[in-house]
>>> print(open('start.txt').read())   # compact mmCIF, N, CA and C atoms
# COMPACT_ATOMS: atom_id res chain seq x y z
N MET X 247 -2.97 15.84 0.50
CA MET X 247 -3.12 15.03 1.70
C MET X 247 -2.96 15.94 2.91
N CYS X 248 -3.76 15.71 3.90
CA CYS X 248 -3.62 16.49 5.12
C CYS X 248 -2.75 15.71 6.09
N GLY X 249 -1.94 16.40 6.81
CA GLY X 249 -1.06 15.72 7.75
C GLY X 249 -0.15 16.69 8.44
N ASP X 250 0.89 16.17 9.03
CA ASP X 250 1.84 16.96 9.80
C ASP X 250 2.81 17.64 8.84
N GLU X 251 2.66 18.94 8.68
CA GLU X 251 3.52 19.69 7.77
C GLU X 251 4.86 20.05 8.40
N THR X 252 5.06 19.70 9.68
CA THR X 252 6.33 20.01 10.33
C THR X 252 7.39 18.95 10.06
N VAL X 253 7.00 17.82 9.48
CA VAL X 253 7.96 16.75 9.17
C VAL X 253 8.72 17.13 7.90
N ASP X 254 10.04 17.15 8.00
CA ASP X 254 10.89 17.51 6.86
C ASP X 254 11.23 16.25 6.08
N LEU X 255 10.55 16.03 4.96
CA LEU X 255 10.76 14.82 4.16
C LEU X 255 12.02 14.86 3.32
N THR X 256 12.75 16.00 3.34
CA THR X 256 14.00 16.07 2.61
C THR X 256 15.14 15.43 3.39
N LYS X 257 14.93 15.21 4.70
CA LYS X 257 15.96 14.58 5.53
C LYS X 257 15.88 13.07 5.40
N ARG X 258 17.02 12.43 5.55
CA ARG X 258 17.07 10.97 5.45
C ARG X 258 16.30 10.31 6.58
N PHE X 259 16.42 10.83 7.79
CA PHE X 259 15.71 10.33 8.96
C PHE X 259 14.92 11.48 9.58
N PRO X 260 13.73 11.79 9.03
CA PRO X 260 12.96 12.91 9.57
C PRO X 260 12.49 12.64 11.00
N HIS X 261 12.38 13.69 11.78
CA HIS X 261 11.89 13.59 13.15
C HIS X 261 10.37 13.50 13.12
N LEU X 262 9.82 12.43 13.68
CA LEU X 262 8.37 12.22 13.71
C LEU X 262 7.84 12.49 15.12
N VAL X 263 6.57 12.75 15.19
CA VAL X 263 5.96 12.97 16.51
C VAL X 263 5.90 11.64 17.24
N PRO X 264 5.87 11.67 18.58
CA PRO X 264 5.80 10.43 19.37
C PRO X 264 4.54 9.61 19.05
N SER X 265 4.61 8.32 19.33
CA SER X 265 3.50 7.42 19.01
C SER X 265 2.22 7.81 19.74
N ARG X 266 2.33 8.34 20.94
CA ARG X 266 1.13 8.77 21.67
C ARG X 266 0.40 9.88 20.92
N GLU X 267 1.16 10.84 20.41
CA GLU X 267 0.58 11.95 19.65
C GLU X 267 -0.05 11.43 18.35
N ARG X 268 0.62 10.48 17.68
CA ARG X 268 0.05 9.90 16.47
C ARG X 268 -1.26 9.17 16.77
N ALA X 269 -1.33 8.49 17.90
CA ALA X 269 -2.56 7.78 18.29
C ALA X 269 -3.69 8.76 18.54
N ILE X 270 -3.38 9.88 19.16
CA ILE X 270 -4.40 10.91 19.41
C ILE X 270 -4.91 11.48 18.10
N ARG X 271 -3.99 11.75 17.17
CA ARG X 271 -4.40 12.27 15.86
C ARG X 271 -5.26 11.27 15.10
N LEU X 272 -4.90 9.99 15.20
CA LEU X 272 -5.69 8.95 14.55
C LEU X 272 -7.10 8.88 15.13
N ALA X 273 -7.20 8.98 16.46
CA ALA X 273 -8.51 8.93 17.11
C ALA X 273 -9.35 10.15 16.73
N ASN X 274 -8.71 11.29 16.52
CA ASN X 274 -9.44 12.51 16.15
C ASN X 274 -9.89 12.51 14.70
N ASP X 275 -9.17 11.80 13.83
CA ASP X 275 -9.53 11.79 12.41
C ASP X 275 -9.19 10.45 11.77
N PRO X 276 -9.98 9.40 12.06
CA PRO X 276 -9.68 8.09 11.49
C PRO X 276 -9.87 8.02 9.98
N VAL X 277 -10.72 8.88 9.43
CA VAL X 277 -10.94 8.89 7.99
C VAL X 277 -9.67 9.33 7.25
N ALA X 278 -8.97 10.31 7.80
CA ALA X 278 -7.72 10.76 7.18
C ALA X 278 -6.69 9.64 7.18
N ALA X 279 -6.65 8.85 8.26
CA ALA X 279 -5.72 7.72 8.31
C ALA X 279 -6.07 6.68 7.26
N ALA X 280 -7.34 6.39 7.09
CA ALA X 280 -7.77 5.43 6.08
C ALA X 280 -7.48 5.95 4.68
N ASP X 281 -7.71 7.23 4.45
CA ASP X 281 -7.40 7.83 3.15
C ASP X 281 -5.91 7.75 2.85
N PHE X 282 -5.07 8.02 3.84
CA PHE X 282 -3.63 7.96 3.64
C PHE X 282 -3.19 6.53 3.36
N PHE X 283 -3.77 5.56 4.05
CA PHE X 283 -3.46 4.16 3.81
C PHE X 283 -3.82 3.77 2.37
N HIS X 284 -5.00 4.17 1.94
CA HIS X 284 -5.44 3.89 0.57
C HIS X 284 -4.49 4.53 -0.45
N PHE X 285 -4.13 5.77 -0.22
CA PHE X 285 -3.19 6.48 -1.09
C PHE X 285 -1.85 5.75 -1.15
N SER X 286 -1.35 5.30 0.01
CA SER X 286 -0.06 4.61 0.08
C SER X 286 -0.09 3.31 -0.71
N ILE X 287 -1.16 2.52 -0.55
CA ILE X 287 -1.26 1.25 -1.26
C ILE X 287 -1.35 1.49 -2.77
N MET X 288 -2.11 2.50 -3.18
CA MET X 288 -2.20 2.81 -4.61
C MET X 288 -0.84 3.22 -5.17
N CYS X 289 -0.06 3.97 -4.42
CA CYS X 289 1.28 4.37 -4.87
C CYS X 289 2.20 3.17 -4.98
N ILE X 290 2.12 2.24 -4.03
CA ILE X 290 2.95 1.04 -4.08
C ILE X 290 2.65 0.24 -5.34
N PHE X 291 1.36 0.04 -5.62
CA PHE X 291 1.01 -0.75 -6.80
C PHE X 291 1.28 0.01 -8.09
N ASP X 292 1.14 1.31 -8.08
CA ASP X 292 1.40 2.11 -9.27
C ASP X 292 2.90 2.18 -9.58
N PHE X 293 3.69 2.62 -8.63
CA PHE X 293 5.10 2.89 -8.89
C PHE X 293 6.02 1.70 -8.67
N LEU X 294 5.70 0.83 -7.73
CA LEU X 294 6.57 -0.30 -7.43
C LEU X 294 6.23 -1.53 -8.27
N PHE X 295 4.94 -1.83 -8.37
CA PHE X 295 4.51 -3.02 -9.10
C PHE X 295 4.04 -2.73 -10.52
N GLY X 296 3.95 -1.46 -10.89
CA GLY X 296 3.61 -1.10 -12.27
C GLY X 296 2.17 -1.39 -12.67
N TRP X 297 1.21 -1.13 -11.81
CA TRP X 297 -0.20 -1.38 -12.10
C TRP X 297 -0.86 -0.10 -12.58
N ASP X 298 -1.57 -0.16 -13.70
CA ASP X 298 -2.29 0.98 -14.25
C ASP X 298 -3.74 0.90 -13.80
N TYR X 299 -4.13 1.79 -12.90
CA TYR X 299 -5.49 1.76 -12.34
C TYR X 299 -6.56 2.14 -13.35
N GLU X 300 -6.22 3.00 -14.30
CA GLU X 300 -7.22 3.41 -15.30
C GLU X 300 -7.54 2.26 -16.25
N LYS X 301 -6.50 1.56 -16.72
CA LYS X 301 -6.71 0.46 -17.66
C LYS X 301 -6.95 -0.87 -16.97
N LYS X 302 -6.72 -0.90 -15.66
CA LYS X 302 -6.88 -2.12 -14.84
C LYS X 302 -6.03 -3.27 -15.37
N CYS X 303 -4.76 -2.95 -15.67
CA CYS X 303 -3.82 -3.97 -16.12
C CYS X 303 -2.40 -3.47 -15.82
N SER X 304 -1.44 -4.34 -16.03
CA SER X 304 -0.04 -4.00 -15.80
C SER X 304 0.41 -2.97 -16.83
N LYS X 305 1.28 -2.06 -16.41
CA LYS X 305 1.84 -1.08 -17.35
C LYS X 305 2.78 -1.76 -18.33
N LYS X 306 3.02 -1.11 -19.45
CA LYS X 306 3.87 -1.66 -20.50
C LYS X 306 5.26 -2.00 -19.97
N GLU X 307 5.80 -1.14 -19.12
CA GLU X 307 7.15 -1.37 -18.59
C GLU X 307 7.18 -2.32 -17.39
N GLY X 308 6.03 -2.64 -16.83
CA GLY X 308 5.97 -3.56 -15.69
C GLY X 308 6.46 -2.92 -14.41
N GLY X 309 6.78 -3.76 -13.45
CA GLY X 309 7.27 -3.28 -12.16
C GLY X 309 8.46 -4.10 -11.71
N ILE X 310 8.78 -4.04 -10.42
CA ILE X 310 9.97 -4.73 -9.93
C ILE X 310 9.86 -6.25 -10.01
N LEU X 311 8.64 -6.78 -10.08
CA LEU X 311 8.44 -8.23 -10.18
C LEU X 311 8.12 -8.67 -11.61
N GLY X 312 8.11 -7.74 -12.53
CA GLY X 312 7.70 -8.04 -13.90
C GLY X 312 6.31 -7.48 -14.13
N HIS X 313 5.52 -8.17 -14.91
CA HIS X 313 4.16 -7.72 -15.22
C HIS X 313 3.15 -8.46 -14.34
N LEU X 314 2.23 -7.69 -13.76
CA LEU X 314 1.19 -8.28 -12.94
C LEU X 314 0.03 -8.72 -13.82
N ARG X 315 -0.51 -9.87 -13.52
CA ARG X 315 -1.72 -10.32 -14.19
C ARG X 315 -2.94 -9.86 -13.39
N ALA X 316 -2.85 -9.97 -12.08
CA ALA X 316 -3.94 -9.54 -11.20
C ALA X 316 -3.40 -9.48 -9.77
N TYR X 317 -4.18 -8.89 -8.90
CA TYR X 317 -3.85 -8.89 -7.48
C TYR X 317 -5.13 -8.87 -6.66
N TYR X 318 -5.01 -9.29 -5.42
CA TYR X 318 -6.14 -9.28 -4.49
C TYR X 318 -5.59 -8.82 -3.15
N GLY X 319 -6.26 -7.88 -2.53
CA GLY X 319 -5.78 -7.38 -1.26
C GLY X 319 -6.88 -7.18 -0.25
N VAL X 320 -6.52 -7.36 1.01
CA VAL X 320 -7.46 -7.17 2.11
C VAL X 320 -6.81 -6.24 3.13
N PRO X 321 -7.41 -5.08 3.38
CA PRO X 321 -6.86 -4.20 4.41
C PRO X 321 -7.28 -4.68 5.80
N GLU X 322 -6.45 -4.38 6.78
CA GLU X 322 -6.74 -4.79 8.15
C GLU X 322 -6.31 -3.70 9.10
N LEU X 323 -7.06 -3.55 10.16
CA LEU X 323 -6.74 -2.60 11.22
C LEU X 323 -6.51 -3.42 12.48
N THR X 324 -5.31 -3.34 13.03
CA THR X 324 -5.00 -4.13 14.22
C THR X 324 -5.60 -3.51 15.46
N GLU X 325 -5.50 -4.22 16.57
CA GLU X 325 -6.00 -3.69 17.85
C GLU X 325 -5.23 -2.46 18.28
N ARG X 326 -4.02 -2.30 17.78
CA ARG X 326 -3.21 -1.13 18.12
C ARG X 326 -3.41 -0.01 17.11
N ALA X 327 -4.43 -0.12 16.28
CA ALA X 327 -4.80 0.90 15.30
C ALA X 327 -3.74 1.09 14.22
N ASN X 328 -3.15 -0.01 13.76
CA ASN X 328 -2.18 0.05 12.67
C ASN X 328 -2.82 -0.54 11.42
N PHE X 329 -2.91 0.28 10.37
CA PHE X 329 -3.41 -0.21 9.09
C PHE X 329 -2.32 -1.02 8.41
N HIS X 330 -2.69 -2.13 7.80
CA HIS X 330 -1.78 -2.88 6.95
C HIS X 330 -2.63 -3.74 6.02
N GLY X 331 -1.99 -4.34 5.04
CA GLY X 331 -2.74 -5.14 4.07
C GLY X 331 -2.08 -6.48 3.82
N HIS X 332 -2.90 -7.42 3.40
CA HIS X 332 -2.43 -8.74 2.97
C HIS X 332 -2.78 -8.86 1.50
N PHE X 333 -1.79 -9.20 0.67
CA PHE X 333 -2.00 -9.19 -0.77
C PHE X 333 -1.54 -10.50 -1.41
N LEU X 334 -2.27 -10.91 -2.43
CA LEU X 334 -1.85 -11.97 -3.33
C LEU X 334 -1.61 -11.33 -4.68
N ILE X 335 -0.49 -11.67 -5.29
CA ILE X 335 -0.13 -11.07 -6.58
C ILE X 335 0.10 -12.20 -7.58
N TRP X 336 -0.59 -12.13 -8.71
CA TRP X 336 -0.38 -13.08 -9.80
C TRP X 336 0.48 -12.41 -10.85
N LEU X 337 1.55 -13.08 -11.26
CA LEU X 337 2.45 -12.53 -12.27
C LEU X 337 2.16 -13.15 -13.63
N MET X 338 2.35 -12.35 -14.68
CA MET X 338 2.20 -12.87 -16.04
C MET X 338 3.28 -13.93 -16.28
N GLY X 339 2.88 -15.01 -16.91
CA GLY X 339 3.83 -16.08 -17.20
C GLY X 339 4.04 -17.03 -16.04
N GLY X 340 3.38 -16.76 -14.91
CA GLY X 340 3.51 -17.64 -13.76
C GLY X 340 2.66 -18.89 -13.93
N LEU X 341 2.88 -19.85 -13.08
CA LEU X 341 2.12 -21.09 -13.16
C LEU X 341 0.67 -20.89 -12.75
N ASN X 342 -0.20 -21.62 -13.40
CA ASN X 342 -1.61 -21.66 -13.01
C ASN X 342 -1.69 -22.40 -11.68
N PRO X 343 -2.46 -21.93 -10.69
CA PRO X 343 -2.54 -22.63 -9.42
C PRO X 343 -2.97 -24.10 -9.55
N MET X 344 -3.85 -24.41 -10.51
CA MET X 344 -4.26 -25.79 -10.70
C MET X 344 -3.11 -26.66 -11.22
N ASP X 345 -2.32 -26.10 -12.14
CA ASP X 345 -1.15 -26.83 -12.64
C ASP X 345 -0.12 -27.03 -11.52
N LEU X 346 0.04 -26.02 -10.70
CA LEU X 346 0.98 -26.11 -9.58
C LEU X 346 0.53 -27.19 -8.59
N HIS X 347 -0.78 -27.27 -8.34
CA HIS X 347 -1.32 -28.26 -7.42
C HIS X 347 -1.08 -29.68 -7.94
N GLN X 348 -1.28 -29.87 -9.23
CA GLN X 348 -1.09 -31.20 -9.83
C GLN X 348 0.38 -31.55 -9.84
>>> encode(input="start.txt", output="C-alpha cells")
Amino acid sequence: MCGDETVDLTKRFPHLVPSRERAIRLANDPVAAADFFHFSIMCIFDFLFGWDYEKKCSKKEGGILGHLRAYYGVPELTERANFHGHFLIWLMGGLNPMDLHQ
C-alpha cells in the first residue's frame, strides 16, 4: 500500500498529518484512497467477521459475531470526501426475514 511512511504504527497514538494535508493528498490521488478503503473493508470482513473471500463463505472458525451466511455492502463518499460503508450482515442460524415479519 502506498501512503505516509512517516506515521509510526508501533505507537499507541501515532501522530497523523493535519486534515488539510490529508485532503490535499486525497485530491492528488483519489484512486489510492479508494484502494485503501477497499483493502480496509476486506480486512474487516476477513479478520473481524471471518469471511473467506476465496471460498465466498464464512471461515470454519467464524468471526466475532459467529458465522456469516452472507453480507451486502454499499460504499459511500461524503461531501467532505470521507469514504464509509453501509452493510447488512446475515448470520447463520438467524431468523429468516419473512419469518421475522410474520
>>> atom_distance(input="start.txt", atom1="CA of Leu337 in chain X", atom2="CA of Phe293 in chain X")
16.0 Å
>>> atom_distance(input="start.txt", atom1="CA of Lys301 in chain X", atom2="CA of Val320 in chain X")
21.2 Å
>>> select_by_dssp(input="start.txt", residues="chain X", states="strand (DSSP E or B)", output="ChimeraX atom specification")
/X:297-298,303-304,309,312,314-323,329-337
>>> atom_distance(input="start.txt", atom1="CA of His313 in chain X", atom2="atom C of Phe283 in chain X")
22.5 Å
>>> closest_residue(input="start.txt", among="X:Gly308, X:Ala278, X:Pro321, X:Ala269", to="Asp292 in chain X", atoms="all atoms listed in the file")
X:Gly308
>>> select_by_dssp(input="start.txt", residues="chain X", states="helix (DSSP H, G or I)", output="NGL selection string")
:X and (265-274 or 276-294 or 343-347)
>>> axis_aligned_box(input="start.txt", around="range 249-262 of chain X", padding_each_side="5 Å", output="AutoDock Vina command-line options")
--center_x 7.6 --center_y 15.2 --center_z 8.9 --size_x 29.0 --size_y 19.7 --size_z 22.5
>>> closest_residue(input="start.txt", among="X:Gln348, X:Leu341, X:Met288, X:Trp297", to="Leu314 in chain X", atoms="all atoms listed in the file")
X:Trp297
>>> residues_around(input="start.txt", residues="His332 in chain X", least_positions_apart="4", cutoff="12 Å", atoms="only C-alpha atoms", output="ChimeraX atom specification")
/X:287,317-323
>>> closest_residue(input="start.txt", among="X:Cys289, X:Ala316, X:Phe329, X:Arg258", to="Lys302 in chain X", atoms="all atoms listed in the file")
X:Ala316
>>> closest_residue(input="start.txt", among="X:Pro260, X:Gly312, X:Pro276, X:Gly296", to="Met338 in chain X", atoms="only C-alpha atoms")
X:Gly312
>>> build_atoms(input="start.txt", residues="range 309-335 of chain X", atoms="N, CA, C and O atoms", output="tab-separated table (two decimals), keeping the file's coordinate frame")
chain	number	residue	atom	x	y	z
X	309	GLY	N	6.78	-3.76	-13.45
X	309	GLY	CA	7.27	-3.28	-12.16
X	309	GLY	C	8.46	-4.10	-11.71
X	309	GLY	O	9.08	-4.80	-12.51
X	310	ILE	N	8.78	-4.04	-10.42
X	310	ILE	CA	9.97	-4.73	-9.93
X	310	ILE	C	9.86	-6.25	-10.01
X	310	ILE	O	10.87	-6.94	-10.01
X	311	LEU	N	8.64	-6.78	-10.08
X	311	LEU	CA	8.44	-8.23	-10.18
X	311	LEU	C	8.12	-8.67	-11.61
X	311	LEU	O	7.85	-9.84	-11.84
X	312	GLY	N	8.11	-7.74	-12.53
X	312	GLY	CA	7.70	-8.04	-13.90
X	312	GLY	C	6.31	-7.48	-14.13
X	312	GLY	O	5.95	-6.43	-13.59
X	313	HIS	N	5.52	-8.17	-14.91
X	313	HIS	CA	4.16	-7.72	-15.22
X	313	HIS	C	3.15	-8.46	-14.34
X	313	HIS	O	3.23	-9.68	-14.20
X	314	LEU	N	2.23	-7.69	-13.76
X	314	LEU	CA	1.19	-8.28	-12.94
X	314	LEU	C	0.03	-8.72	-13.82
X	314	LEU	O	-0.36	-8.02	-14.75
X	315	ARG	N	-0.51	-9.87	-13.52
X	315	ARG	CA	-1.72	-10.32	-14.19
X	315	ARG	C	-2.94	-9.86	-13.39
X	315	ARG	O	-3.93	-9.42	-13.94
X	316	ALA	N	-2.85	-9.97	-12.08
X	316	ALA	CA	-3.94	-9.54	-11.20
X	316	ALA	C	-3.40	-9.48	-9.77
X	316	ALA	O	-2.30	-9.95	-9.48
X	317	TYR	N	-4.18	-8.89	-8.90
X	317	TYR	CA	-3.85	-8.89	-7.48
X	317	TYR	C	-5.13	-8.87	-6.66
X	317	TYR	O	-6.20	-8.51	-7.15
X	318	TYR	N	-5.01	-9.29	-5.42
X	318	TYR	CA	-6.14	-9.28	-4.49
X	318	TYR	C	-5.59	-8.82	-3.15
X	318	TYR	O	-4.55	-9.30	-2.70
X	319	GLY	N	-6.26	-7.88	-2.53
X	319	GLY	CA	-5.78	-7.38	-1.26
X	319	GLY	C	-6.88	-7.18	-0.25
X	319	GLY	O	-8.02	-6.89	-0.60
X	320	VAL	N	-6.52	-7.36	1.01
X	320	VAL	CA	-7.46	-7.17	2.11
X	320	VAL	C	-6.81	-6.24	3.13
X	320	VAL	O	-5.75	-6.57	3.68
X	321	PRO	N	-7.41	-5.08	3.38
X	321	PRO	CA	-6.86	-4.20	4.41
X	321	PRO	C	-7.28	-4.68	5.80
X	321	PRO	O	-8.32	-5.32	5.95
X	322	GLU	N	-6.45	-4.38	6.78
X	322	GLU	CA	-6.74	-4.79	8.15
X	322	GLU	C	-6.31	-3.70	9.10
X	322	GLU	O	-5.32	-3.01	8.88
X	323	LEU	N	-7.06	-3.55	10.16
X	323	LEU	CA	-6.74	-2.60	11.22
X	323	LEU	C	-6.51	-3.42	12.48
X	323	LEU	O	-7.40	-4.13	12.94
X	324	THR	N	-5.31	-3.34	13.03
X	324	THR	CA	-5.00	-4.13	14.22
X	324	THR	C	-5.60	-3.51	15.46
X	324	THR	O	-6.12	-2.39	15.43
X	325	GLU	N	-5.50	-4.22	16.57
X	325	GLU	CA	-6.00	-3.69	17.85
X	325	GLU	C	-5.23	-2.46	18.28
X	325	GLU	O	-5.73	-1.66	19.05
X	326	ARG	N	-4.02	-2.30	17.78
X	326	ARG	CA	-3.21	-1.13	18.12
X	326	ARG	C	-3.41	-0.01	17.11
X	326	ARG	O	-2.63	0.92	17.02
X	327	ALA	N	-4.43	-0.12	16.28
X	327	ALA	CA	-4.80	0.90	15.30
X	327	ALA	C	-3.74	1.09	14.22
X	327	ALA	O	-3.45	2.20	13.80
X	328	ASN	N	-3.15	-0.01	13.76
X	328	ASN	CA	-2.18	0.05	12.67
X	328	ASN	C	-2.82	-0.54	11.42
X	328	ASN	O	-3.21	-1.70	11.41
X	329	PHE	N	-2.91	0.28	10.37
X	329	PHE	CA	-3.41	-0.21	9.09
X	329	PHE	C	-2.32	-1.02	8.41
X	329	PHE	O	-1.15	-0.63	8.42
X	330	HIS	N	-2.69	-2.13	7.80
X	330	HIS	CA	-1.78	-2.88	6.95
X	330	HIS	C	-2.63	-3.74	6.02
X	330	HIS	O	-3.84	-3.82	6.17
X	331	GLY	N	-1.99	-4.34	5.04
X	331	GLY	CA	-2.74	-5.14	4.07
X	331	GLY	C	-2.08	-6.48	3.82
X	331	GLY	O	-0.89	-6.65	4.03
X	332	HIS	N	-2.90	-7.42	3.40
X	332	HIS	CA	-2.43	-8.74	2.97
X	332	HIS	C	-2.78	-8.86	1.50
X	332	HIS	O	-3.93	-8.65	1.11
X	333	PHE	N	-1.79	-9.20	0.67
X	333	PHE	CA	-2.00	-9.19	-0.77
X	333	PHE	C	-1.54	-10.50	-1.41
X	333	PHE	O	-0.54	-11.09	-0.99
X	334	LEU	N	-2.27	-10.91	-2.43
X	334	LEU	CA	-1.85	-11.97	-3.33
X	334	LEU	C	-1.61	-11.33	-4.68
X	334	LEU	O	-2.43	-10.55	-5.15
X	335	ILE	N	-0.49	-11.67	-5.29
X	335	ILE	CA	-0.13	-11.07	-6.58
X	335	ILE	C	0.10	-12.20	-7.58
X	335	ILE	O	0.88	-13.11	-7.31
